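K.L.:
So that you have it, the file is my_file30.txt, and it contains compact mmCIF, C-alpha atoms:
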# COMPACT_ATOMS: atom_id res chain seq x y z
CA MET A 1 3.12 -6.22 21.78
CA LYS A 2 -0.17 -8.01 22.08
CA SER A 3 -1.18 -9.50 18.80
CA HIS A 4 -3.34 -12.55 18.18
CA HIS A 5 -2.35 -12.91 14.55
CA ILE A 6 0.24 -15.21 13.08
CA PHE A 7 0.82 -13.53 9.78
CA THR A 8 1.20 -9.86 10.54
CA THR A 9 3.49 -7.01 9.70
CA GLU A 10 3.62 -3.40 11.06
CA ILE A 11 1.06 -3.33 13.84
CA SER A 12 -0.35 -0.36 15.71
CA ILE A 13 -1.33 -0.48 19.38
CA ARG A 14 -3.81 2.31 20.06
CA GLY A 15 -2.20 4.38 17.28
CA ILE A 16 1.46 3.61 18.17
CA SER A 17 3.35 1.28 15.83
CA LEU A 18 6.35 -0.94 16.50
CA SER A 19 8.59 1.37 14.47
CA GLN A 20 7.45 4.43 16.45
CA LYS A 21 8.20 2.71 19.76
CA GLY A 22 11.59 1.56 18.45
CA ILE A 23 12.47 5.09 17.35
CA LEU A 24 11.32 6.48 20.71
CA ALA A 25 13.53 4.03 22.61
CA LYS A 26 16.51 4.90 20.41
CA HIS A 27 15.83 8.62 20.81
CA LEU A 28 15.73 8.34 24.60
CA ALA A 29 18.89 6.22 24.66
CA VAL A 30 20.91 8.63 22.50
CA MET A 31 19.91 11.77 24.43
CA LEU A 32 20.33 10.22 27.88
CA LYS A 33 23.72 8.86 26.84
CA SER A 34 24.69 12.44 25.88
CA GLY A 35 23.83 13.64 29.37
CA VAL A 36 20.54 15.38 28.54
CA PRO A 37 18.11 15.36 31.53
CA ILE A 38 15.16 13.00 31.24
CA SER A 39 12.58 15.82 31.25
CA GLN A 40 14.29 17.64 28.35
CA THR A 41 14.75 14.34 26.53
CA LEU A 42 11.03 13.64 26.73
CA ALA A 43 10.20 17.21 25.65
CA THR A 44 12.35 16.79 22.54
CA ALA A 45 10.78 13.39 21.81
CA GLU A 46 7.33 14.96 22.14
CA GLU A 47 8.19 17.71 19.64
CA SER A 48 9.38 15.18 17.06
CA SER A 49 6.33 12.93 17.47
CA THR A 50 2.77 13.19 16.18
CA GLY A 51 -0.68 11.86 16.94
CA ARG A 52 -1.29 9.41 19.76
CA LEU A 53 2.44 9.00 20.55
CA ALA A 54 2.89 12.75 21.14
CA ASP A 55 -0.03 12.74 23.61
CA VAL A 56 1.41 9.73 25.45
CA ILE A 57 4.89 11.30 25.73
CA ARG A 58 3.34 14.56 26.98
CA ASN A 59 1.60 12.70 29.80
CA ILE A 60 4.77 10.73 30.64
CA ARG A 61 6.83 13.94 30.78
CA ALA A 62 4.31 15.55 33.14
CA ALA A 63 4.44 12.50 35.43
CA VAL A 64 8.26 12.42 35.41
CA GLU A 65 8.46 16.15 36.18
CA SER A 66 6.17 15.53 39.18
CA GLY A 67 8.76 13.13 40.61
CA ARG A 68 7.74 9.72 39.26
CA THR A 69 10.13 7.31 37.56
CA LEU A 70 10.06 6.80 33.79
CA SER A 71 8.87 3.19 34.11
CA SER A 72 6.09 4.17 36.52
CA ALA A 73 4.91 6.94 34.17
CA MET A 74 4.98 4.58 31.18
CA ALA A 75 3.00 1.97 33.12
CA ASP A 76 0.02 4.36 33.04
CA HIS A 77 -0.05 3.71 29.29
CA SER A 78 0.10 -0.09 29.26
CA SER A 79 -1.99 -0.18 26.09
CA ALA A 80 0.90 1.53 24.30
CA PHE A 81 3.88 -0.05 26.09
CA ASP A 82 3.81 -3.79 26.65
CA GLY A 83 5.35 -5.79 29.50
CA LEU A 84 8.63 -6.21 27.63
CA PHE A 85 9.12 -2.46 27.21
CA LEU A 86 8.07 -1.62 30.79
CA ASN A 87 10.14 -4.35 32.46
CA MET A 88 13.25 -3.44 30.49
CA VAL A 89 12.94 0.24 31.47
CA LYS A 90 12.29 -0.63 35.12
CA ALA A 91 15.26 -3.03 35.25
CA GLY A 92 17.47 -0.37 33.69
CA GLU A 93 16.47 2.20 36.30
CA ILE A 94 17.21 -0.23 39.14
CA SER A 95 20.55 -1.46 37.76
CA GLY A 96 21.74 1.85 36.33
CA THR A 97 21.74 0.51 32.77
CA LEU A 98 18.73 2.44 31.43
CA VAL A 99 20.58 3.63 28.31
CA GLU A 100 21.76 0.12 27.43
CA ASN A 101 18.28 -1.31 28.04
CA LEU A 102 16.64 1.33 25.84
CA GLU A 103 19.09 0.44 23.07
CA GLN A 104 18.15 -3.22 23.49
CA ILE A 105 14.45 -2.31 23.30
CA SER A 106 15.08 -0.45 20.06
CA LYS A 107 16.90 -3.47 18.62
CA GLN A 108 14.12 -5.82 19.73
CA MET A 109 11.43 -3.66 18.10
CA GLY A 110 13.47 -3.63 14.91
CA LYS A 111 13.88 -7.41 14.98
CA GLU A 112 10.17 -7.94 15.57
CA ARG A 113 9.33 -5.67 12.67
CA GLN A 114 11.76 -7.54 10.40
CA LEU A 115 10.24 -10.82 11.55
CA ARG A 116 6.76 -9.69 10.55
CA GLU A 117 7.99 -8.30 7.24
CA LYS A 118 9.58 -11.66 6.39
CA ILE A 119 6.29 -13.43 7.05
CA LYS A 120 4.41 -10.84 5.03
CA SER A 121 6.83 -11.05 2.08
CA ALA A 122 6.24 -14.80 1.87
CA MET A 123 2.52 -14.18 1.40
CA VAL A 124 2.57 -11.20 -1.00
CA TYR A 125 3.06 -12.96 -4.35
CA PRO A 126 0.69 -15.89 -3.66
CA SER A 127 -1.93 -13.40 -2.40
CA ILE A 128 -1.63 -11.35 -5.59
CA ILE A 129 -2.07 -14.46 -7.74
CA LEU A 130 -5.07 -15.63 -5.68
CA ALA A 131 -6.73 -12.19 -5.75
CA GLY A 132 -6.14 -11.94 -9.50
CA SER A 133 -7.68 -15.38 -10.02
CA ILE A 134 -10.79 -14.42 -8.04
CA ILE A 135 -11.20 -11.14 -9.97
CA LEU A 136 -10.70 -12.98 -13.28
CA GLY A 137 -13.29 -15.56 -12.29
CA VAL A 138 -15.86 -12.92 -11.33
CA VAL A 139 -15.30 -10.97 -14.57
CA PHE A 140 -15.63 -14.13 -16.64
CA ALA A 141 -18.76 -15.30 -14.83
CA PHE A 142 -20.62 -11.99 -14.90
CA VAL A 143 -19.31 -10.33 -18.08
CA ILE A 144 -17.96 -12.83 -20.63
CA LEU A 145 -20.19 -15.87 -20.05
CA PRO A 146 -23.49 -14.04 -20.67
CA GLN A 147 -22.19 -12.93 -24.07
CA VAL A 148 -20.74 -16.29 -25.17
CA THR A 149 -23.42 -18.81 -24.10
CA PRO A 150 -26.25 -17.56 -26.41
CA LEU A 151 -24.04 -18.43 -29.39
CA PHE A 152 -23.64 -22.05 -28.25
CA LYS A 153 -27.32 -22.44 -27.35
CA GLY A 154 -28.25 -21.65 -30.94
CA LEU A 155 -26.01 -24.32 -32.43
CA ARG A 156 -27.73 -27.50 -33.67
CA ILE A 157 -24.91 -29.86 -32.80
CA ASP A 158 -24.10 -32.17 -29.93
CA LEU A 159 -22.09 -30.04 -27.54
CA PRO A 160 -19.21 -31.59 -25.58
CA PHE A 161 -19.50 -32.01 -21.82
CA THR A 162 -17.22 -29.05 -21.04
CA THR A 163 -19.38 -26.70 -23.12
CA ARG A 164 -22.60 -28.00 -21.57
CA ALA A 165 -21.07 -27.49 -18.14
CA LEU A 166 -20.11 -23.93 -19.14
CA ILE A 167 -23.68 -23.20 -20.30
CA ALA A 168 -25.12 -24.66 -17.09
CA THR A 169 -22.76 -22.45 -15.07
CA ALA A 170 -23.86 -19.41 -17.08
CA ASP A 171 -27.53 -20.22 -16.41
CA ILE A 172 -26.85 -20.49 -12.65
CA VAL A 173 -24.97 -17.19 -12.68
CA ASP A 174 -27.77 -15.56 -14.70
CA ARG A 175 -30.46 -16.74 -12.28
CA TYR A 176 -28.67 -16.53 -8.95
CA GLY A 177 -25.69 -14.25 -9.68
CA GLY A 178 -26.73 -11.61 -7.17
CA PHE A 179 -27.19 -14.19 -4.43
CA LEU A 180 -23.86 -15.84 -5.26
CA LEU A 181 -21.95 -12.53 -5.19
CA GLY A 182 -23.68 -11.51 -1.97
CA GLY A 183 -22.98 -14.91 -0.41
CA MET A 184 -19.29 -14.68 -1.32
CA SER A 185 -19.06 -11.20 0.21
CA VAL A 186 -20.82 -12.31 3.40
CA GLY A 187 -18.59 -15.40 3.56
CA ILE A 188 -15.39 -13.35 3.28
CA VAL A 189 -16.56 -10.91 5.97
CA ALA A 190 -17.63 -13.81 8.22
CA LEU A 191 -14.24 -15.52 7.85
CA TRP A 192 -12.44 -12.27 8.67
CA TRP A 193 -14.69 -11.77 11.73
CA LEU A 194 -14.17 -15.33 12.97
CA ALA A 195 -10.39 -15.08 12.50
CA HIS A 196 -10.36 -12.16 14.96
CA ARG A 197 -12.43 -13.83 17.66
CA THR A 198 -10.59 -14.85 20.84
CA PHE A 199 -12.57 -18.07 21.32
CA LEU A 200 -11.25 -19.41 18.00
CA ARG A 201 -7.58 -18.65 18.74
CA PRO A 202 -6.79 -22.16 20.05
CA ALA A 203 -8.28 -23.81 16.95
CA ILE A 204 -6.62 -21.44 14.47
CA SER A 205 -3.27 -21.74 16.25
CA TRP A 206 -3.57 -25.54 16.22
CA MET A 207 -4.32 -25.56 12.49
CA LEU A 208 -1.38 -23.30 11.65
CA LEU A 209 0.91 -25.57 13.66
CA HIS A 210 -0.24 -28.68 11.79
CA ILE A 211 -0.67 -27.47 8.19
CA PRO A 212 2.58 -28.48 6.41
CA ILE A 213 2.86 -25.20 4.51
CA SER A 214 2.48 -22.88 7.53
CA ARG A 215 4.06 -25.05 10.27
CA PRO A 216 7.76 -24.16 9.61
CA ILE A 217 7.03 -20.42 9.63
CA VAL A 218 4.89 -20.54 12.79
CA LYS A 219 7.42 -22.63 14.71
CA SER A 220 10.51 -20.70 13.58
CA SER A 221 8.96 -17.27 14.26
CA ASN A 222 7.87 -18.29 17.77
CA LEU A 223 11.26 -19.86 18.54
CA VAL A 224 13.00 -16.64 17.45
CA ARG A 225 10.73 -14.61 19.74
CA PHE A 226 11.26 -17.02 22.61
CA SER A 227 15.07 -17.10 22.36
CA TYR A 228 15.74 -13.44 21.67
CA THR A 229 13.20 -11.97 24.10
CA LEU A 230 14.14 -14.27 26.98
CA GLY A 231 17.85 -13.66 26.40
CA MET A 232 17.39 -9.89 26.30
CA LEU A 233 15.31 -9.81 29.49
CA LEU A 234 17.77 -12.00 31.41
CA GLN A 235 20.70 -9.92 30.17
CA SER A 236 18.95 -6.83 31.55
CA GLY A 237 18.91 -8.31 35.03
CA ILE A 238 15.26 -9.38 35.16
CA ASP A 239 14.76 -12.64 37.07
CA ILE A 240 13.83 -15.84 35.23
CA ASP A 241 10.24 -15.93 36.55
CA GLU A 242 9.35 -12.45 35.30
CA SER A 243 11.32 -13.00 32.08
CA LEU A 244 9.28 -16.11 31.26
CA HIS A 245 6.06 -14.25 32.06
CA VAL A 246 6.92 -11.36 29.73
CA THR A 247 8.21 -13.72 27.01
CA SER A 248 4.95 -15.67 27.03
CA SER A 249 3.06 -12.45 26.21
CA VAL A 250 5.02 -11.87 22.98
CA MET A 251 4.54 -15.38 21.58
CA GLY A 252 2.35 -15.22 18.49
CA ASN A 253 0.73 -18.64 18.87
CA TYR A 254 -1.80 -19.57 21.55
CA HIS A 255 -0.27 -22.99 22.26
CA TYR A 256 3.21 -21.50 22.73
CA GLN A 257 1.74 -19.01 25.20
CA LYS A 258 -0.03 -21.80 27.09
CA ALA A 259 3.16 -23.90 27.27
CA MET A 260 5.16 -20.89 28.47
CA LYS A 261 2.72 -20.25 31.31
CA ARG A 262 3.03 -23.86 32.45
CA MET A 263 6.82 -23.58 32.33
CA GLU A 264 6.71 -20.35 34.31
CA GLU A 265 4.84 -22.12 37.12
CA ALA A 266 7.29 -25.05 37.10
CA VAL A 267 10.38 -22.81 37.13
CA GLN A 268 8.93 -20.84 40.04
CA GLY A 269 8.84 -24.16 41.89
CA GLY A 270 12.57 -24.69 41.32
CA ALA A 271 12.55 -26.77 38.10
CA LYS A 272 15.04 -26.19 35.27
CA LEU A 273 13.80 -24.54 32.10
CA ALA A 274 15.35 -27.17 29.79
CA ASP A 275 13.57 -30.00 31.62
CA ASN A 276 10.24 -28.25 31.08
CA LEU A 277 10.90 -27.40 27.44
CA GLU A 278 11.42 -31.13 26.90
CA LYS A 279 7.79 -31.74 27.88
CA PHE A 280 6.61 -29.94 24.72
CA PRO A 281 8.50 -31.67 21.87
CA HIS A 282 5.88 -30.60 19.30
CA LEU A 283 6.65 -26.95 20.08
CA PHE A 284 10.30 -26.87 21.18
CA PRO A 285 12.67 -29.08 19.16
CA GLN A 286 15.41 -31.11 20.80
CA LEU A 287 18.10 -28.79 19.44
CA LEU A 288 16.66 -25.81 21.34
CA VAL A 289 16.24 -27.93 24.49
CA GLN A 290 19.90 -28.97 24.35
CA MET A 291 21.07 -25.40 23.73
CA VAL A 292 19.07 -24.15 26.73
CA ARG A 293 20.46 -26.97 28.90
CA VAL A 294 24.03 -26.10 27.85
CA GLY A 295 23.36 -22.43 28.62
CA GLU A 296 21.94 -23.19 32.06
CA ASP A 297 24.84 -25.48 32.97
CA SER A 298 27.62 -23.27 31.60
CA GLY A 299 26.42 -19.98 33.05
CA LYS A 300 26.27 -18.41 29.57
CA PHE A 301 22.53 -18.62 29.25
CA GLU A 302 21.94 -15.27 27.53
CA GLU A 303 24.69 -15.80 24.93
CA THR A 304 23.32 -19.24 24.12
CA LEU A 305 19.80 -17.87 23.69
CA PHE A 306 21.01 -15.14 21.31
CA PHE A 307 22.90 -17.73 19.25
CA THR A 308 19.77 -19.90 19.16
CA ALA A 309 17.66 -16.92 18.03
CA GLU A 310 20.05 -16.32 15.10
CA PHE A 311 19.85 -20.01 14.12
CA TYR A 312 16.03 -19.99 14.03
CA GLU A 313 16.01 -16.67 12.22
CA ASP A 314 17.95 -18.37 9.43
CA GLN A 315 15.41 -21.21 9.58
CA LEU A 316 12.63 -18.65 9.21
CA ASP A 317 14.27 -17.18 6.11
CA THR A 318 14.38 -20.63 4.55
CA ALA A 319 10.78 -21.36 5.56
CA THR A 320 9.40 -18.14 4.03
CA LYS A 321 11.16 -18.83 0.74
CA SER A 322 9.88 -22.41 0.76
CA LEU A 323 6.32 -21.20 1.37
CA SER A 324 6.34 -19.07 -1.77
CA ALA A 325 7.95 -21.90 -3.74
CA ALA A 326 5.26 -24.33 -2.55
CA ILE A 327 2.18 -22.13 -3.06
CA GLU A 328 3.05 -20.60 -6.43
CA PRO A 329 2.98 -23.86 -8.47
CA ILE A 330 -0.35 -24.85 -6.86
CA LEU A 331 -1.98 -21.55 -7.77
CA LEU A 332 -0.50 -21.53 -11.26
CA LEU A 333 -1.74 -25.10 -11.80
CA LEU A 334 -5.22 -24.05 -10.66
CA ILE A 335 -5.26 -21.07 -13.02
CA GLY A 336 -3.93 -23.22 -15.86
CA SER A 337 -6.67 -25.81 -15.29
CA ILE A 338 -9.38 -23.14 -15.39
CA VAL A 339 -7.96 -21.63 -18.59
CA ALA A 340 -7.71 -25.10 -20.18
CA PHE A 341 -11.34 -25.87 -19.27
CA LEU A 342 -12.56 -22.58 -20.75
CA ALA A 343 -10.49 -23.07 -23.89
CA LEU A 344 -11.89 -26.59 -24.46
CA SER A 345 -15.43 -25.37 -23.77
CA ILE A 346 -15.23 -22.63 -26.39
CA ILE A 347 -12.86 -24.01 -29.03
CA THR A 348 -14.21 -27.60 -29.27
CA PRO A 349 -17.71 -26.63 -30.62
CA ILE A 350 -16.14 -24.17 -33.06
CA TYR A 351 -13.81 -26.91 -34.29
CA ASP A 352 -16.78 -29.29 -34.75
CA ILE A 353 -18.69 -26.68 -36.76
CA THR A 354 -15.67 -26.06 -38.99
CA GLY A 355 -15.33 -29.80 -39.57
CA ASN A 356 -18.98 -30.17 -40.56
CA ILE A 357 -18.75 -27.28 -43.04
CA GLN A 358 -15.68 -28.79 -44.70
CA ARG A 359 -17.52 -32.12 -45.10
How does this structure look as C-alpha cells?
P.N.:
Amino acid sequence: MKSHHIFTTEISIRGISLSQKGILAKHLAVMLKSGVPISQTLATAEESSTGRLADVIRNIRAAVESGRTLSSAMADHSSAFDGLFLNMVKAGEISGTLVENLEQISKQMGKERQLREKIKSAMVYPSIILAGSIILGVVFAFVILPQVTPLFKGLRIDLPFTTRALIATADIVDRYGGFLLGGMSVGIVALWWLAHRTFLRPAISWMLLHIPISRPIVKSSNLVRFSYTLGMLLQSGIDIDESLHVTSSVMGNYHYQKAMKRMEEAVQGGAKLADNLEKFPHLFPQLLVQMVRVGEDSGKFEETLFFTAEFYEDQLDTATKSLSAAIEPILLLLIGSIVAFLALSIITPIYDITGNIQR
C-alpha cells in the first residue's frame, strides 16, 4: 500500500484496489480452511476475478503449480502486493498459520479502507460547498455582471463604493476574462501536479501536521496505522525489525515514515521501541509511548497495540467530525459575505433612485 497522499479513499495499485486485495485474502483463507488445495483455490479465485487481478492470480497459480511457495510467487508482483501482504503470507507459511494470517490481511485491508473513507467523508460536504461557490462566482462574473453593469453606468447619480467596485470588476472581467479563466485553470492543474511530486512530500506533510484543521486527522490516522499494522505483524510471528520496516511503508505522512526508519535502526541496535518513540513527541504522544512501554514490559505487546489502535480510531472519528464542523461555518460565512456585497452593490443604487423620484 504505497500512497503519498494524506486524504485518500479507495486506491488502486496497478489496477488492483484495496477492496479487491481484501476479498482475495478472504477468499484464499476460506477455501484453504476448508481443505481445498492451494492450486484449486487460486484457480477459483482467478475465475471470480477480472482485469489486472485475474492476470496476476493466473501468473501466481502457474508459479505455485511449478513448485514455488505462495509468498514467493506473489513477490513477483510487488507492485500489486505490498510488504505487509507479502510478509504476512510468508510468516504464515513458515509458522503454519497461513489461514489465520490471510484472515488478518483481509481485516487490515478493510480497516485501511474504512480509515480512508472516514477521511474522505470529512471532506465531502466542505468540498461541495467550495465547488459550488467557485461555480457561482464564475457564472456571476461571466454571465450576470455583463448584463447588470450597463444599467448602472447609465445612471447619473453618485454610485456607492460597492457598486463602483462591482463595475470595476466587470470591466476587468470583460477585458481580461479569457486570461483570468485560463490562468485559474492552469493554476489548478499546476497545484494538482505539484501535490503529486515526490520532492514536495516533506513540505506538504509538514504543513498538514501543523495546520490546526488537518493536524488531528493526520496524526490520528497515522497512529492507527502504526498501532494496528505493527501489532498484526508481531502477532503473525514477524520479528520486530522487519515489522517496523513494513509498518514504516504504510505510514501516510513523510515525517512519520522518516521517524520510523530511524527507530528501526535504533531497535536493530538493541534499543527499546518506547524509548525511541519518546524522541518524537510531535509525532507520537506520551499516551502512546506509555502504552508501548507497558506492552514491552508486560509481554502483551500485540494486545496493547490493538487497544491503542482502537483508541486512536475513536480519536479519528472525533477529528473528522470536528473538521466538517470547523470548515462549514467558514465557507458559509464567505458565501454570505459575497452575497451581502452583491446585494448592497445592486440594491443601494436602486434605493437611491427611488428616493430621488419620491422627492
K.L.:
I want to know what sits within 9 Å of region 173-184 of chain A, based on only C-alpha atoms, with residues of the same chain fewer than 5 positions away left out; could you give that as a PyMOL selection string?
P.N.:
chain A and resi 138+141-142+145-146+168+189
K.L.:
Kindly save the residues from that selection, with C-alpha atoms included, as a PDB file, in the coordinates of the input.
P.N.:
ATOM      1  CA  VAL A 138     -15.860 -12.920 -11.330  1.00  0.00           C
ATOM      2  CA  ALA A 141     -18.760 -15.300 -14.830  1.00  0.00           C
ATOM      3  CA  PHE A 142     -20.620 -11.990 -14.900  1.00  0.00           C
ATOM      4  CA  LEU A 145     -20.190 -15.870 -20.050  1.00  0.00           C
ATOM      5  CA  PRO A 146     -23.490 -14.040 -20.670  1.00  0.00           C
ATOM      6  CA  ALA A 168     -25.120 -24.660 -17.090  1.00  0.00           C
ATOM      7  CA  VAL A 189     -16.560 -10.910   5.970  1.00  0.00           C
TER       8      VAL A 189
END
K.L.:
List as a list of chain:residue names the protein and nucleic acid residues near Pro212 (chain A), meaning an atom at most 12 Å away when all atoms listed in the file are counted, but skip any in the same chain fewer than 3 places from it.
P.N.:
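With the cut-off at 12 Å, the set is A:Trp206, A:Met207, A:Leu208, A:Leu209, A:Arg215, A:Pro216, A:Ile217, A:Val218, A:Lys219, A:Ala319, A:Ser322, A:Leu323, A:Ala326, A:Ile327.
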K.L.:
State, in Å with one decimal place, the distance from CA of Lys111 (chain A) to CA of Asp82 (chain A).
P.N.:
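Going from CA of Lys111 (chain A) over to CA of Asp82 (chain A), I get 15.8 Å.
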K.L.:
Pull the closest atom pair for each residue of region 237-349 of chain A that gets at most 9 Å from region 85-100 of chain A, along with the distance in Å to one decimal, counting all atoms listed in the file, ordering rows by chain and then ascending residue number, as JSON lines.
P.N.:
{"residue": "A:Gly237", "atom": "CA", "partner": "A:Ala91", "partner_atom": "CA", "distance": 6.4}
{"residue": "A:Ile238", "atom": "CA", "partner": "A:Ala91", "partner_atom": "CA", "distance": 6.4}
{"residue": "A:Glu242", "atom": "CA", "partner": "A:Asn87", "partner_atom": "CA", "distance": 8.6}
{"residue": "A:Ser243", "atom": "CA", "partner": "A:Asn87", "partner_atom": "CA", "distance": 8.7}
{"residue": "A:Val246", "atom": "CA", "partner": "A:Asn87", "partner_atom": "CA", "distance": 8.2}
K.L.:
Residues within 12 Å of Thr50 (chain A), please, as a PyMOL selection string. Count all atoms listed in the file; anything in the same chain fewer than 3 positions from it doesn't count.
P.N.:
chain A and resi 15-17+20+24+45-47+53-58
K.L.:
Those same residues, written as a tab-separated table (two decimals), keeping the file's coordinate frame with C-alpha atoms?
P.N.:
chain	number	residue	atom	x	y	z
A	15	GLY	CA	-2.20	4.38	17.28
A	16	ILE	CA	1.46	3.61	18.17
A	17	SER	CA	3.35	1.28	15.83
A	20	GLN	CA	7.45	4.43	16.45
A	24	LEU	CA	11.32	6.48	20.71
A	45	ALA	CA	10.78	13.39	21.81
A	46	GLU	CA	7.33	14.96	22.14
A	47	GLU	CA	8.19	17.71	19.64
A	53	LEU	CA	2.44	9.00	20.55
A	54	ALA	CA	2.89	12.75	21.14
A	55	ASP	CA	-0.03	12.74	23.61
A	56	VAL	CA	1.41	9.73	25.45
A	57	ILE	CA	4.89	11.30	25.73
A	58	ARG	CA	3.34	14.56	26.98
K.L.:
Have a look at A:Asn276, A:Ser221, A:Gln235, A:Ser19 and name the one nearest to Gln315 (chain A); count all atoms listed in the file.
P.N.:
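Closest to Gln315 (chain A), using all atoms listed in the file: A:Ser221.
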K.L.:
Can you pull out every residue within 12 Å of Ala165 (chain A), counting only C-alpha atoms, but drop anything in the same chain fewer than 3 positions away, and send it as a JSON list (two decimals) with C-alpha atoms, in the coordinates of the input?
P.N.:
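Ended up saving to part_22.json:
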[["chain", "number", "residue", "atom", "x", "y", "z"],
["A", 145, "LEU", "CA", -20.19, -15.87, -20.05],
["A", 149, "THR", "CA", -23.42, -18.81, -24.10],
["A", 152, "PHE", "CA", -23.64, -22.05, -28.25],
["A", 159, "LEU", "CA", -22.09, -30.04, -27.54],
["A", 160, "PRO", "CA", -19.21, -31.59, -25.58],
["A", 161, "PHE", "CA", -19.50, -32.01, -21.82],
["A", 162, "THR", "CA", -17.22, -29.05, -21.04],
["A", 168, "ALA", "CA", -25.12, -24.66, -17.09],
["A", 169, "THR", "CA", -22.76, -22.45, -15.07],
["A", 170, "ALA", "CA", -23.86, -19.41, -17.08],
["A", 171, "ASP", "CA", -27.53, -20.22, -16.41],
["A", 172, "ILE", "CA", -26.85, -20.49, -12.65],
["A", 341, "PHE", "CA", -11.34, -25.87, -19.27],
["A", 342, "LEU", "CA", -12.56, -22.58, -20.75],
["A", 344, "LEU", "CA", -11.89, -26.59, -24.46],
["A", 345, "SER", "CA", -15.43, -25.37, -23.77],
["A", 346, "ILE", "CA", -15.23, -22.63, -26.39]]
K.L.:
Quick one: of A:Thr247, A:Lys261, A:Leu287, A:Ser324, who's nearest to Ile129 (chain A), counting only C-alpha atoms?
P.N.:
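Of A:Thr247, A:Lys261, A:Leu287, A:Ser324, the one nearest Ile129 (chain A) is A:Ser324, counting only C-alpha atoms.
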K.L.:
With distances taken over all atoms listed in the file, which of A:Ser79, A:Thr41, A:Ser227, A:Gln147 is nearest to Ala29 (chain A)?
P.N.:
A:Thr41
K.L.:
Under the rule that all atoms listed in the file are counted, which of A:Leu333, A:Leu28, A:Ala195, A:Ile240 is the nearest residue to Gly270 (chain A)?
P.N.:
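Among A:Leu333, A:Leu28, A:Ala195, A:Ile240, it is A:Ile240 that comes nearest to Gly270 (chain A).
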K.L.:
Report, in Å to a single decimal, how far apart CA of Ala259 (chain A) and CA of Leu277 (chain A) are.
P.N.:
8.5 Å
K.L.:
So what do you get for CA of Leu102 (chain A) versus CA of Arg225 (chain A), distance-wise?
P.N.:
18.1 Å
K.L.:
Which residue, A:Arg262, A:Lys21, A:Arg197, A:His77, has the smallest gap to Glu112 (chain A) when you use all atoms listed in the file?
P.N.:
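Selected residue with least distance to Glu112 (chain A): A:Lys21.
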